[in-house]
Structure formats: structure tokens, C-alpha cells
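Content type PDB, C-alpha atoms, from the file protein_35.pdb:
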```
ATOM      1  CA  MET A   1     -83.582 -97.029-150.094  1.00  0.00           C
ATOM      2  CA  ARG A   2     -82.962 -96.070-153.717  1.00  0.00           C
ATOM      3  CA  ILE A   3     -85.745 -95.438-156.200  1.00  0.00           C
ATOM      4  CA  PRO A   4     -85.824 -98.134-158.929  1.00  0.00           C
ATOM      5  CA  ILE A   5     -85.407 -96.937-162.514  1.00  0.00           C
ATOM      6  CA  LEU A   6     -86.805 -99.273-165.196  1.00  0.00           C
ATOM      7  CA  LYS A   7     -85.876 -99.291-168.874  1.00  0.00           C
ATOM      8  CA  LEU A   8     -88.543 -99.734-171.551  1.00  0.00           C
ATOM      9  CA  ASN A   9     -87.174 -99.497-175.130  1.00  0.00           C
ATOM     10  CA  ASP A  10     -85.548 -96.048-175.278  1.00  0.00           C
ATOM     11  CA  CYS A  11     -87.405 -94.717-172.250  1.00  0.00           C
ATOM     12  CA  LEU A  12     -86.847 -94.872-168.521  1.00  0.00           C
ATOM     13  CA  LEU A  13     -89.765 -95.368-166.138  1.00  0.00           C
ATOM     14  CA  ILE A  14     -89.775 -94.308-162.516  1.00  0.00           C
ATOM     15  CA  SER A  15     -92.589 -94.639-160.043  1.00  0.00           C
ATOM     16  CA  ILE A  16     -91.923 -92.850-156.772  1.00  0.00           C
ATOM     17  CA  GLN A  17     -93.737 -94.969-154.204  1.00  0.00           C
ATOM     18  CA  TRP A  18     -92.911 -93.411-150.872  1.00  0.00           C
ATOM     19  CA  GLU A  19     -92.366 -90.047-149.227  1.00  0.00           C
ATOM     20  CA  LEU A  20     -89.104 -88.522-150.413  1.00  0.00           C
ATOM     21  CA  ASP A  21     -86.546 -87.457-147.871  1.00  0.00           C
ATOM     22  CA  ASP A  22     -83.800 -85.052-148.944  1.00  0.00           C
ATOM     23  CA  GLN A  23     -81.131 -87.727-149.284  1.00  0.00           C
ATOM     24  CA  THR A  24     -83.267 -90.049-151.422  1.00  0.00           C
ATOM     25  CA  ALA A  25     -84.252 -87.145-153.672  1.00  0.00           C
ATOM     26  CA  LEU A  26     -80.626 -86.170-154.293  1.00  0.00           C
ATOM     27  CA  GLU A  27     -79.556 -89.788-154.873  1.00  0.00           C
ATOM     28  CA  PHE A  28     -82.390 -90.167-157.359  1.00  0.00           C
ATOM     29  CA  GLN A  29     -81.103 -87.121-159.244  1.00  0.00           C
ATOM     30  CA  GLU A  30     -77.681 -88.726-159.704  1.00  0.00           C
ATOM     31  CA  ASP A  31     -79.032 -92.223-160.392  1.00  0.00           C
ATOM     32  CA  LEU A  32     -81.363 -90.991-163.134  1.00  0.00           C
ATOM     33  CA  LEU A  33     -78.638 -89.042-164.946  1.00  0.00           C
ATOM     34  CA  LYS A  34     -76.307 -92.057-164.767  1.00  0.00           C
ATOM     35  CA  ARG A  35     -79.013 -94.342-166.167  1.00  0.00           C
ATOM     36  CA  ILE A  36     -79.740 -91.902-169.018  1.00  0.00           C
ATOM     37  CA  HIS A  37     -76.042 -91.944-169.837  1.00  0.00           C
ATOM     38  CA  GLU A  38     -75.729 -95.754-169.654  1.00  0.00           C
ATOM     39  CA  THR A  39     -78.870 -96.544-171.646  1.00  0.00           C
ATOM     40  CA  ASN A  40     -78.934 -93.627-174.143  1.00  0.00           C
ATOM     41  CA  ALA A  41     -82.535 -93.086-173.079  1.00  0.00           C
ATOM     42  CA  ARG A  42     -84.351 -90.360-175.017  1.00  0.00           C
ATOM     43  CA  GLY A  43     -87.330 -90.096-172.732  1.00  0.00           C
ATOM     44  CA  VAL A  44     -88.168 -90.395-169.044  1.00  0.00           C
ATOM     45  CA  VAL A  45     -91.514 -90.741-167.276  1.00  0.00           C
ATOM     46  CA  ILE A  46     -91.585 -89.995-163.554  1.00  0.00           C
ATOM     47  CA  ASP A  47     -94.854 -91.087-161.972  1.00  0.00           C
ATOM     48  CA  ILE A  48     -95.697 -89.426-158.657  1.00  0.00           C
ATOM     49  CA  THR A  49     -99.204 -90.827-158.117  1.00  0.00           C
ATOM     50  CA  SER A  50     -98.250 -92.000-154.605  1.00  0.00           C
ATOM     51  CA  ILE A  51     -96.790 -88.660-153.525  1.00  0.00           C
ATOM     52  CA  ASP A  52     -99.216 -86.697-151.359  1.00  0.00           C
ATOM     53  CA  PHE A  53     -97.247 -83.482-150.959  1.00  0.00           C
ATOM     54  CA  ILE A  54     -94.305 -81.672-152.568  1.00  0.00           C
ATOM     55  CA  ASP A  55     -92.385 -78.988-150.722  1.00  0.00           C
ATOM     56  CA  SER A  56     -90.063 -76.406-152.278  1.00  0.00           C
ATOM     57  CA  PHE A  57     -86.987 -78.603-151.802  1.00  0.00           C
ATOM     58  CA  ILE A  58     -88.471 -81.620-153.596  1.00  0.00           C
ATOM     59  CA  ALA A  59     -89.853 -79.283-156.281  1.00  0.00           C
ATOM     60  CA  LYS A  60     -86.383 -77.844-156.809  1.00  0.00           C
ATOM     61  CA  VAL A  61     -84.781 -81.304-157.039  1.00  0.00           C
ATOM     62  CA  LEU A  62     -87.443 -82.437-159.539  1.00  0.00           C
ATOM     63  CA  GLY A  63     -87.166 -79.235-161.603  1.00  0.00           C
ATOM     64  CA  ASP A  64     -83.367 -79.502-161.605  1.00  0.00           C
ATOM     65  CA  VAL A  65     -83.299 -83.151-162.672  1.00  0.00           C
ATOM     66  CA  ILE A  66     -85.673 -82.347-165.539  1.00  0.00           C
ATOM     67  CA  ASN A  67     -83.345 -79.577-166.758  1.00  0.00           C
ATOM     68  CA  MET A  68     -80.272 -81.760-166.280  1.00  0.00           C
ATOM     69  CA  SER A  69     -81.906 -84.576-168.293  1.00  0.00           C
ATOM     70  CA  ARG A  70     -82.781 -82.086-171.013  1.00  0.00           C
ATOM     71  CA  LEU A  71     -79.115 -81.022-171.167  1.00  0.00           C
ATOM     72  CA  MET A  72     -78.240 -84.657-171.779  1.00  0.00           C
ATOM     73  CA  GLY A  73     -80.848 -84.932-174.540  1.00  0.00           C
ATOM     74  CA  ALA A  74     -83.651 -86.749-172.725  1.00  0.00           C
ATOM     75  CA  LYS A  75     -87.196 -85.438-172.355  1.00  0.00           C
ATOM     76  CA  VAL A  76     -89.006 -85.893-169.058  1.00  0.00           C
ATOM     77  CA  VAL A  77     -92.741 -86.180-168.403  1.00  0.00           C
ATOM     78  CA  ILE A  78     -94.130 -86.035-164.853  1.00  0.00           C
ATOM     79  CA  THR A  79     -97.337 -88.007-164.375  1.00  0.00           C
ATOM     80  CA  GLY A  80     -99.925 -88.566-161.671  1.00  0.00           C
ATOM     81  CA  ILE A  81     -99.813 -85.226-159.831  1.00  0.00           C
ATOM     82  CA  GLN A  82    -102.612 -85.510-157.248  1.00  0.00           C
ATOM     83  CA  PRO A  83    -105.191 -82.690-156.865  1.00  0.00           C
ATOM     84  CA  ALA A  84    -103.868 -81.815-153.384  1.00  0.00           C
ATOM     85  CA  VAL A  85    -100.308 -81.648-154.730  1.00  0.00           C
ATOM     86  CA  ALA A  86    -101.311 -79.378-157.629  1.00  0.00           C
ATOM     87  CA  ILE A  87    -103.164 -77.052-155.242  1.00  0.00           C
ATOM     88  CA  THR A  88    -100.358 -76.806-152.675  1.00  0.00           C
ATOM     89  CA  LEU A  89     -97.621 -76.357-155.298  1.00  0.00           C
ATOM     90  CA  ILE A  90     -99.382 -73.341-156.821  1.00  0.00           C
ATOM     91  CA  GLU A  91    -100.256 -71.875-153.408  1.00  0.00           C
ATOM     92  CA  LEU A  92     -96.664 -72.337-152.347  1.00  0.00           C
ATOM     93  CA  GLY A  93     -95.739 -70.254-155.399  1.00  0.00           C
ATOM     94  CA  ILE A  94     -94.025 -72.959-157.424  1.00  0.00           C
ATOM     95  CA  ARG A  95     -94.726 -73.008-161.137  1.00  0.00           C
ATOM     96  CA  LEU A  96     -93.227 -75.901-163.017  1.00  0.00           C
ATOM     97  CA  ASP A  97     -93.879 -73.926-166.217  1.00  0.00           C
ATOM     98  CA  ASP A  98     -91.682 -75.729-168.744  1.00  0.00           C
ATOM     99  CA  VAL A  99     -92.401 -79.170-167.372  1.00  0.00           C
ATOM    100  CA  MET A 100     -94.340 -81.690-169.468  1.00  0.00           C
ATOM    101  CA  THR A 101     -97.040 -83.396-167.431  1.00  0.00           C
ATOM    102  CA  ALA A 102     -99.758 -85.972-168.035  1.00  0.00           C
ATOM    103  CA  LEU A 103    -102.632 -87.359-165.988  1.00  0.00           C
ATOM    104  CA  ASP A 104    -101.268 -90.896-165.673  1.00  0.00           C
ATOM    105  CA  LEU A 105     -98.449 -93.179-166.753  1.00  0.00           C
ATOM    106  CA  GLU A 106    -100.264 -94.321-169.895  1.00  0.00           C
ATOM    107  CA  LYS A 107    -100.914 -90.770-171.120  1.00  0.00           C
ATOM    108  CA  GLY A 108     -97.368 -89.816-170.144  1.00  0.00           C
ATOM    109  CA  LEU A 109     -95.890 -92.509-172.347  1.00  0.00           C
ATOM    110  CA  GLU A 110     -98.167 -91.448-175.221  1.00  0.00           C
ATOM    111  CA  LYS A 111     -97.056 -87.864-174.828  1.00  0.00           C
ATOM    112  CA  LEU A 112     -93.419 -88.885-174.778  1.00  0.00           C
ATOM    113  CA  GLN A 113     -93.796 -90.959-177.959  1.00  0.00           C
ATOM    114  CA  GLN A 114     -95.359 -87.945-179.706  1.00  0.00           C
ATOM    115  CA  GLU A 115     -92.563 -85.675-178.502  1.00  0.00           C
ATOM    116  CA  LEU A 116     -89.901 -88.103-179.617  1.00  0.00           C
ATOM    117  CA  GLY A 117     -91.651 -88.404-182.980  1.00  0.00           C
ATOM    118  CA  ASP A 118     -92.081 -92.116-183.315  1.00  0.00           C
TER     119      ASP A 118
ATOM    120  CA  MET B   1    -107.554 -76.248-124.578  1.00  0.00           C
ATOM    121  CA  GLU B   2    -104.255 -77.204-126.153  1.00  0.00           C
ATOM    122  CA  ILE B   3    -102.339 -80.434-126.549  1.00  0.00           C
ATOM    123  CA  GLN B   4     -98.808 -80.017-127.802  1.00  0.00           C
ATOM    124  CA  SER B   5     -96.385 -82.464-129.466  1.00  0.00           C
ATOM    125  CA  CYS B   6     -92.854 -81.496-130.488  1.00  0.00           C
ATOM    126  CA  VAL B   7     -90.027 -82.780-132.659  1.00  0.00           C
ATOM    127  CA  SER B   8     -86.434 -81.615-132.229  1.00  0.00           C
ATOM    128  CA  ILE B   9     -84.943 -80.606-135.566  1.00  0.00           C
ATOM    129  CA  LEU B  10     -81.276 -81.563-135.717  1.00  0.00           C
ATOM    130  CA  ASN B  11     -80.931 -83.217-139.117  1.00  0.00           C
ATOM    131  CA  GLU B  12     -82.729 -83.939-142.382  1.00  0.00           C
ATOM    132  CA  TRP B  13     -84.504 -86.988-140.934  1.00  0.00           C
ATOM    133  CA  ASP B  14     -86.176 -84.856-138.287  1.00  0.00           C
ATOM    134  CA  ILE B  15     -87.825 -82.884-141.100  1.00  0.00           C
ATOM    135  CA  VAL B  16     -89.495 -86.159-142.178  1.00  0.00           C
ATOM    136  CA  ALA B  17     -90.501 -86.894-138.551  1.00  0.00           C
ATOM    137  CA  ALA B  18     -92.031 -83.407-138.159  1.00  0.00           C
ATOM    138  CA  ARG B  19     -94.026 -83.828-141.363  1.00  0.00           C
ATOM    139  CA  GLN B  20     -95.332 -87.215-140.234  1.00  0.00           C
ATOM    140  CA  LEU B  21     -96.354 -85.852-136.853  1.00  0.00           C
ATOM    141  CA  GLY B  22     -98.187 -82.953-138.519  1.00  0.00           C
ATOM    142  CA  ARG B  23     -99.936 -85.150-141.028  1.00  0.00           C
ATOM    143  CA  ASN B  24    -101.097 -87.558-138.309  1.00  0.00           C
ATOM    144  CA  VAL B  25    -102.476 -84.768-136.137  1.00  0.00           C
ATOM    145  CA  ALA B  26    -104.169 -83.153-139.158  1.00  0.00           C
ATOM    146  CA  LYS B  27    -105.826 -86.489-140.002  1.00  0.00           C
ATOM    147  CA  GLU B  28    -106.928 -86.993-136.384  1.00  0.00           C
ATOM    148  CA  LEU B  29    -108.499 -83.535-136.283  1.00  0.00           C
ATOM    149  CA  GLY B  30    -110.483 -84.323-139.423  1.00  0.00           C
ATOM    150  CA  PHE B  31    -108.731 -82.157-142.018  1.00  0.00           C
ATOM    151  CA  GLY B  32    -109.359 -83.223-145.640  1.00  0.00           C
ATOM    152  CA  THR B  33    -106.622 -84.409-148.011  1.00  0.00           C
ATOM    153  CA  VAL B  34    -105.946 -80.949-149.489  1.00  0.00           C
ATOM    154  CA  ASP B  35    -105.583 -79.319-146.056  1.00  0.00           C
ATOM    155  CA  GLN B  36    -103.438 -82.258-144.918  1.00  0.00           C
ATOM    156  CA  ALA B  37    -101.147 -81.569-147.888  1.00  0.00           C
ATOM    157  CA  ARG B  38    -101.102 -77.824-147.076  1.00  0.00           C
ATOM    158  CA  ILE B  39    -100.204 -78.492-143.435  1.00  0.00           C
ATOM    159  CA  THR B  40     -97.551 -81.120-144.290  1.00  0.00           C
ATOM    160  CA  THR B  41     -95.966 -78.812-146.855  1.00  0.00           C
ATOM    161  CA  ALA B  42     -95.950 -75.846-144.438  1.00  0.00           C
ATOM    162  CA  ILE B  43     -94.291 -77.972-141.724  1.00  0.00           C
ATOM    163  CA  SER B  44     -91.697 -79.204-144.190  1.00  0.00           C
ATOM    164  CA  GLU B  45     -90.789 -75.638-145.206  1.00  0.00           C
ATOM    165  CA  LEU B  46     -90.544 -74.415-141.597  1.00  0.00           C
ATOM    166  CA  ALA B  47     -88.577 -77.452-140.380  1.00  0.00           C
ATOM    167  CA  ARG B  48     -86.170 -77.145-143.297  1.00  0.00           C
ATOM    168  CA  ASN B  49     -85.641 -73.452-142.536  1.00  0.00           C
ATOM    169  CA  ILE B  50     -84.633 -74.395-138.968  1.00  0.00           C
ATOM    170  CA  TYR B  51     -82.214 -77.035-140.261  1.00  0.00           C
ATOM    171  CA  LEU B  52     -80.741 -74.775-142.972  1.00  0.00           C
ATOM    172  CA  TYR B  53     -80.466 -71.448-141.180  1.00  0.00           C
ATOM    173  CA  ALA B  54     -80.390 -72.158-137.440  1.00  0.00           C
ATOM    174  CA  GLY B  55     -78.840 -75.631-137.407  1.00  0.00           C
ATOM    175  CA  GLU B  56     -81.214 -76.825-134.711  1.00  0.00           C
ATOM    176  CA  GLY B  57     -84.517 -76.008-133.128  1.00  0.00           C
ATOM    177  CA  GLN B  58     -87.954 -77.373-132.387  1.00  0.00           C
ATOM    178  CA  LEU B  59     -91.098 -77.853-134.338  1.00  0.00           C
ATOM    179  CA  CYS B  60     -94.270 -78.187-132.283  1.00  0.00           C
ATOM    180  CA  ILE B  61     -97.843 -78.972-133.239  1.00  0.00           C
ATOM    181  CA  ASP B  62    -100.718 -77.676-131.110  1.00  0.00           C
ATOM    182  CA  ARG B  63    -104.206 -79.100-131.332  1.00  0.00           C
ATOM    183  CA  LEU B  64    -106.442 -76.099-130.789  1.00  0.00           C
ATOM    184  CA  ASN B  65    -110.005 -75.853-129.651  1.00  0.00           C
ATOM    185  CA  GLU B  66    -111.150 -72.256-129.284  1.00  0.00           C
ATOM    186  CA  ASN B  67    -114.851 -71.428-128.897  1.00  0.00           C
ATOM    187  CA  GLY B  68    -115.779 -74.734-130.463  1.00  0.00           C
ATOM    188  CA  LYS B  69    -113.426 -74.139-133.400  1.00  0.00           C
ATOM    189  CA  ALA B  70    -110.803 -76.830-133.960  1.00  0.00           C
ATOM    190  CA  GLY B  71    -107.460 -76.033-135.476  1.00  0.00           C
ATOM    191  CA  LEU B  72    -103.835 -76.989-135.822  1.00  0.00           C
ATOM    192  CA  ARG B  73    -101.023 -74.620-134.965  1.00  0.00           C
ATOM    193  CA  ILE B  74     -97.427 -75.090-136.115  1.00  0.00           C
ATOM    194  CA  ILE B  75     -94.766 -73.481-133.936  1.00  0.00           C
ATOM    195  CA  ALA B  76     -91.219 -73.340-135.303  1.00  0.00           C
ATOM    196  CA  LEU B  77     -88.658 -72.259-132.711  1.00  0.00           C
ATOM    197  CA  ASP B  78     -84.928 -71.776-132.975  1.00  0.00           C
ATOM    198  CA  LYS B  79     -82.091 -69.914-131.344  1.00  0.00           C
ATOM    199  CA  GLY B  80     -80.373 -69.252-134.661  1.00  0.00           C
ATOM    200  CA  PRO B  81     -79.041 -65.998-136.111  1.00  0.00           C
ATOM    201  CA  GLY B  82     -82.539 -64.510-136.496  1.00  0.00           C
ATOM    202  CA  ILE B  83     -83.894 -62.719-139.545  1.00  0.00           C
ATOM    203  CA  PRO B  84     -82.540 -59.192-140.011  1.00  0.00           C
ATOM    204  CA  ASP B  85     -85.145 -58.101-142.560  1.00  0.00           C
ATOM    205  CA  ILE B  86     -88.497 -59.870-142.204  1.00  0.00           C
ATOM    206  CA  ARG B  87     -90.099 -57.947-145.062  1.00  0.00           C
ATOM    207  CA  LYS B  88     -87.384 -59.274-147.369  1.00  0.00           C
ATOM    208  CA  VAL B  89     -87.878 -62.955-146.430  1.00  0.00           C
ATOM    209  CA  MET B  90     -91.621 -62.588-146.989  1.00  0.00           C
ATOM    210  CA  GLU B  91     -90.975 -61.638-150.635  1.00  0.00           C
ATOM    211  CA  ASP B  92     -91.540 -64.372-153.196  1.00  0.00           C
ATOM    212  CA  GLY B  93     -88.304 -65.603-154.724  1.00  0.00           C
ATOM    213  CA  PHE B  94     -85.962 -64.253-152.042  1.00  0.00           C
ATOM    214  CA  SER B  95     -83.447 -66.856-150.888  1.00  0.00           C
ATOM    215  CA  THR B  96     -79.982 -66.785-149.362  1.00  0.00           C
ATOM    216  CA  SER B  97     -79.500 -70.555-149.745  1.00  0.00           C
ATOM    217  CA  GLY B  98     -79.988 -71.146-153.464  1.00  0.00           C
ATOM    218  CA  GLY B  99     -83.493 -72.468-152.842  1.00  0.00           C
ATOM    219  CA  LEU B 100     -86.624 -71.407-154.675  1.00  0.00           C
ATOM    220  CA  GLY B 101     -87.442 -68.660-152.174  1.00  0.00           C
ATOM    221  CA  ALA B 102     -90.971 -70.019-151.877  1.00  0.00           C
ATOM    222  CA  GLY B 103     -90.743 -71.006-148.196  1.00  0.00           C
ATOM    223  CA  LEU B 104     -92.151 -68.332-145.896  1.00  0.00           C
ATOM    224  CA  PRO B 105     -94.477 -66.459-148.266  1.00  0.00           C
ATOM    225  CA  GLY B 106     -95.662 -69.886-149.411  1.00  0.00           C
ATOM    226  CA  VAL B 107     -96.386 -71.031-145.857  1.00  0.00           C
ATOM    227  CA  ARG B 108     -98.403 -67.854-145.272  1.00  0.00           C
ATOM    228  CA  ARG B 109    -100.558 -68.671-148.304  1.00  0.00           C
ATOM    229  CA  LEU B 110    -101.003 -72.340-147.344  1.00  0.00           C
ATOM    230  CA  MET B 111    -102.113 -71.575-143.769  1.00  0.00           C
ATOM    231  CA  ASP B 112    -104.803 -69.263-142.306  1.00  0.00           C
ATOM    232  CA  ASP B 113    -102.803 -67.262-139.726  1.00  0.00           C
ATOM    233  CA  PHE B 114     -99.103 -66.541-139.847  1.00  0.00           C
ATOM    234  CA  ASN B 115     -96.979 -64.724-137.326  1.00  0.00           C
ATOM    235  CA  ILE B 116     -93.220 -64.295-137.263  1.00  0.00           C
ATOM    236  CA  ASP B 117     -91.123 -63.002-134.405  1.00  0.00           C
ATOM    237  CA  SER B 118     -87.381 -62.724-134.824  1.00  0.00           C
ATOM    238  CA  ASP B 119     -84.560 -61.024-132.956  1.00  0.00           C
ATOM    239  CA  PRO B 120     -81.187 -60.935-134.697  1.00  0.00           C
ATOM    240  CA  GLY B 121     -78.777 -62.950-132.555  1.00  0.00           C
ATOM    241  CA  GLU B 122     -81.580 -64.385-130.399  1.00  0.00           C
ATOM    242  CA  GLY B 123     -83.597 -66.618-132.687  1.00  0.00           C
ATOM    243  CA  THR B 124     -86.873 -66.919-134.512  1.00  0.00           C
ATOM    244  CA  GLU B 125     -90.372 -68.039-133.606  1.00  0.00           C
ATOM    245  CA  ILE B 126     -92.967 -68.647-136.277  1.00  0.00           C
ATOM    246  CA  ARG B 127     -96.571 -69.520-135.446  1.00  0.00           C
ATOM    247  CA  SER B 128     -98.997 -70.505-138.116  1.00  0.00           C
ATOM    248  CA  THR B 129    -102.524 -71.894-137.773  1.00  0.00           C
ATOM    249  CA  LYS B 130    -104.968 -73.747-139.963  1.00  0.00           C
ATOM    250  CA  TRP B 131    -108.603 -73.847-138.827  1.00  0.00           C
ATOM    251  CA  LEU B 132    -110.944 -76.719-139.507  1.00  0.00           C
ATOM    252  CA  ARG B 133    -113.771 -75.484-141.706  1.00  0.00           C
TER     253      ARG B 133
END
```
Please, can you express the file's structure as C-alpha cells?
Amino acid sequence: MRIPILKLNDCLLISIQWELDDQTALEFQEDLLKRIHETNARGVVIDITSIDFIDSFIAKVLGDVINMSRLMGAKVVITGIQPAVAITLIELGIRLDDVMTALDLEKGLEKLQQELGD
Amino acid sequence: MEIQSCVSILNEWDIVAARQLGRNVAKELGFGTVDQARITTAISELARNIYLYAGEGQLCIDRLNENGKAGLRIIALDKGPGIPDIRKVMEDGFSTSGGLGAGLPGVRRLMDDFNIDSDPGEGTEIRSTKWLR
């Protein structure tokens, strides 16, 4: 099943609602870049409130898609990282240092609007 | 006293099955959400290593009860090429597959006990335990 990508003005909104398997994660990477290209989106919010763990593979796919989006000119904000996910990511040794994050979707959109300067 | 459940790791979907098994057992044993996430993540890393480096193997979950202490042990078994230099794979950032190199040292940090046994040409066995506090 593919992850739906919604368009809101010049932003794309994604809410990941179920546990990501490798295939879905890689398809999402391609789908998002295609949608950025089709819609000229300048910003992307990926909400992961429903995700209860992230392993190094998913972290790599997420980190890569953020960098790929940046190459295309779109800024990405990750929102809704759960306490358990934050703890395990750091313990695992994964630092998403250059990644913009926000507590929830609402704050993520605010942050994106500030970044995009409108 | 031990009760063991196993998942054969042959493809990417088995990694998902192993994670689900681990998470269910962790819940049953009474682990909190953070420990459940630690255990699920550790299983995912170990199962993926089997799939990536050995092609196939088994991931087993033991429910432990030793001297009144409950715990969950992950056993990752394969008959793959083995690990020639264990010290190297336990270094953060070392990867031969283009991954993040967080796997094994990360699993050691997420769990309480970690033990790795590998013979080049014979295979690898990793045992890692989380105790219920």
C-alpha cells in the first residue's frame, strides 16, 4: 500500500499511519520526489506521530529523502516524533542533525511557513 | 524457564514479522513503550543483518525467567559468511553495505546484554537480552 501525499497550497503533507516495511519506504521516497516535481512544492511536512519505532534503515531512507527534496528546492519538516522513537534513535547512534523537526503537524506547518518566508 | 518463538528470515517481509513477534512478546512480558521500541528496533537491525549479509537465517525470541527476573532474549542465527573482524563491526559508522553503520553497536546500547559469536565460513550467532526492571 502506498503512502498518500496531499497537496496544500505550495506544500505537501504526508502522515505515515502504519509500520513501514522496506519496500513501502523506498516507494515513498520516489513518490514524494515525483510529487514535488509535479506540483512545484516548496515545502513538505512528514508526520510520523503513528510510528512507534525507527530502525537504521528507515532512518536512512528518511534522511535521504530529506536531502533529495532539498536538492530539488523543497524544505522538509518531520513532525510528531514520539518520546520512545527519540530515545531509541539517539541510543542507536542516529543523529538527524540537519533535519527540521516540530512537535506536531500544526507547529510543523508554522515552521515551514517561516522558513519559506511567507 | 524458557519459551521460544522463531521466525525464519528469508526476505524483507520476514523482518516485519520478526519485529511484530518481538513487540508482542515484549508487551506480554510487561515492558513499557520505550523498552518495546528498543526491543523492536534491535530485532529489526539484527533481522536485517541476516537478510543483507547471510541471505537467510532465524530470529528467535526467548521469554526468560531467571531467579524471579523476567526478560526477553533475541537470538539471531545464520550460516552466512561470518564476521572476520568483530571489533570492526562494533565500531560506530562501520558499514560494508552503504548503511548507516549503526546496527550492531546500536543494538548493544539498546539492550542490556549483548554477545556475538562468529566463525568465518560457518555463520554468526548473536544473543542479546533486555531485563524487565
Given the ChimeraX specification (/A :<9) & /B, the residues it picks as a PDB file with C-alpha atoms, in the frame of the given file:
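Result file out-v6.pdb:
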```
ATOM      1  CA  GLU B  12     -82.729 -83.939-142.382  1.00  0.00           C
ATOM      2  CA  TRP B  13     -84.504 -86.988-140.934  1.00  0.00           C
ATOM      3  CA  ILE B  15     -87.825 -82.884-141.100  1.00  0.00           C
ATOM      4  CA  VAL B  16     -89.495 -86.159-142.178  1.00  0.00           C
ATOM      5  CA  THR B  33    -106.622 -84.409-148.011  1.00  0.00           C
ATOM      6  CA  VAL B  34    -105.946 -80.949-149.489  1.00  0.00           C
ATOM      7  CA  ASP B  35    -105.583 -79.319-146.056  1.00  0.00           C
ATOM      8  CA  GLN B  36    -103.438 -82.258-144.918  1.00  0.00           C
ATOM      9  CA  ALA B  37    -101.147 -81.569-147.888  1.00  0.00           C
ATOM     10  CA  ARG B  38    -101.102 -77.824-147.076  1.00  0.00           C
ATOM     11  CA  THR B  40     -97.551 -81.120-144.290  1.00  0.00           C
ATOM     12  CA  THR B  41     -95.966 -78.812-146.855  1.00  0.00           C
ATOM     13  CA  ALA B  42     -95.950 -75.846-144.438  1.00  0.00           C
ATOM     14  CA  SER B  44     -91.697 -79.204-144.190  1.00  0.00           C
ATOM     15  CA  GLU B  45     -90.789 -75.638-145.206  1.00  0.00           C
ATOM     16  CA  ARG B  48     -86.170 -77.145-143.297  1.00  0.00           C
ATOM     17  CA  ASP B  92     -91.540 -64.372-153.196  1.00  0.00           C
ATOM     18  CA  GLY B  93     -88.304 -65.603-154.724  1.00  0.00           C
ATOM     19  CA  GLY B  99     -83.493 -72.468-152.842  1.00  0.00           C
ATOM     20  CA  LEU B 100     -86.624 -71.407-154.675  1.00  0.00           C
ATOM     21  CA  GLY B 101     -87.442 -68.660-152.174  1.00  0.00           C
ATOM     22  CA  ALA B 102     -90.971 -70.019-151.877  1.00  0.00           C
ATOM     23  CA  GLY B 103     -90.743 -71.006-148.196  1.00  0.00           C
ATOM     24  CA  LEU B 104     -92.151 -68.332-145.896  1.00  0.00           C
ATOM     25  CA  PRO B 105     -94.477 -66.459-148.266  1.00  0.00           C
ATOM     26  CA  GLY B 106     -95.662 -69.886-149.411  1.00  0.00           C
ATOM     27  CA  VAL B 107     -96.386 -71.031-145.857  1.00  0.00           C
ATOM     28  CA  ARG B 108     -98.403 -67.854-145.272  1.00  0.00           C
ATOM     29  CA  ARG B 109    -100.558 -68.671-148.304  1.00  0.00           C
ATOM     30  CA  LEU B 110    -101.003 -72.340-147.344  1.00  0.00           C
TER      31      LEU B 110
END
```
* Interatomic distance between CA of Gly43 (chain A) and CA of Pro4 (chain A)? ->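 Taking CA of Gly43 (chain A) as the start and CA of Pro4 (chain A) as the end point, the length is 16.0 Å.
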* To do: Name the residues in contact with region 116-121 of chain B at a cut-off of 12 Å, using only C-alpha atoms, excluding same-chain residues fewer than 5 positions from it; report them as a ChimeraX atom specification.
  => /B:46,54,74-87,89-90,104-105,107-108,126-128
* To do: Determine the residue set returned by the PyMOL selection byres ((chain A and resi 42) around 7) for the present structure, and present it as a ChimeraX atom specification.
  => /A:10-11,40-41,43,73-75
* If you measure from CA of Gly22 (chain B) to CA of Ile3 (chain B), what distance in Å do you get, rounded to one decimal? -> 12.9 Å
Near-Leu71 (chain A) list (12 Å; only C-alpha atoms; drop same-chain fewer than 6 positions) as an mmCIF file with C-alpha atoms, in the frame of the given file:
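And here is the file that came out, around.cif:
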```cif
data_model
loop_
_atom_site.group_PDB
_atom_site.id
_atom_site.type_symbol
_atom_site.label_atom_id
_atom_site.label_comp_id
_atom_site.auth_asym_id
_atom_site.auth_seq_id
_atom_site.Cartn_x
_atom_site.Cartn_y
_atom_site.Cartn_z
ATOM 1 C CA LEU A 33 -78.638 -89.042 -164.946
ATOM 2 C CA ILE A 36 -79.740 -91.902 -169.018
ATOM 3 C CA HIS A 37 -76.042 -91.944 -169.837
ATOM 4 C CA ARG A 42 -84.351 -90.360 -175.017
ATOM 5 C CA ASP A 64 -83.367 -79.502 -161.605
ATOM 6 C CA VAL A 65 -83.299 -83.151 -162.672
#
```
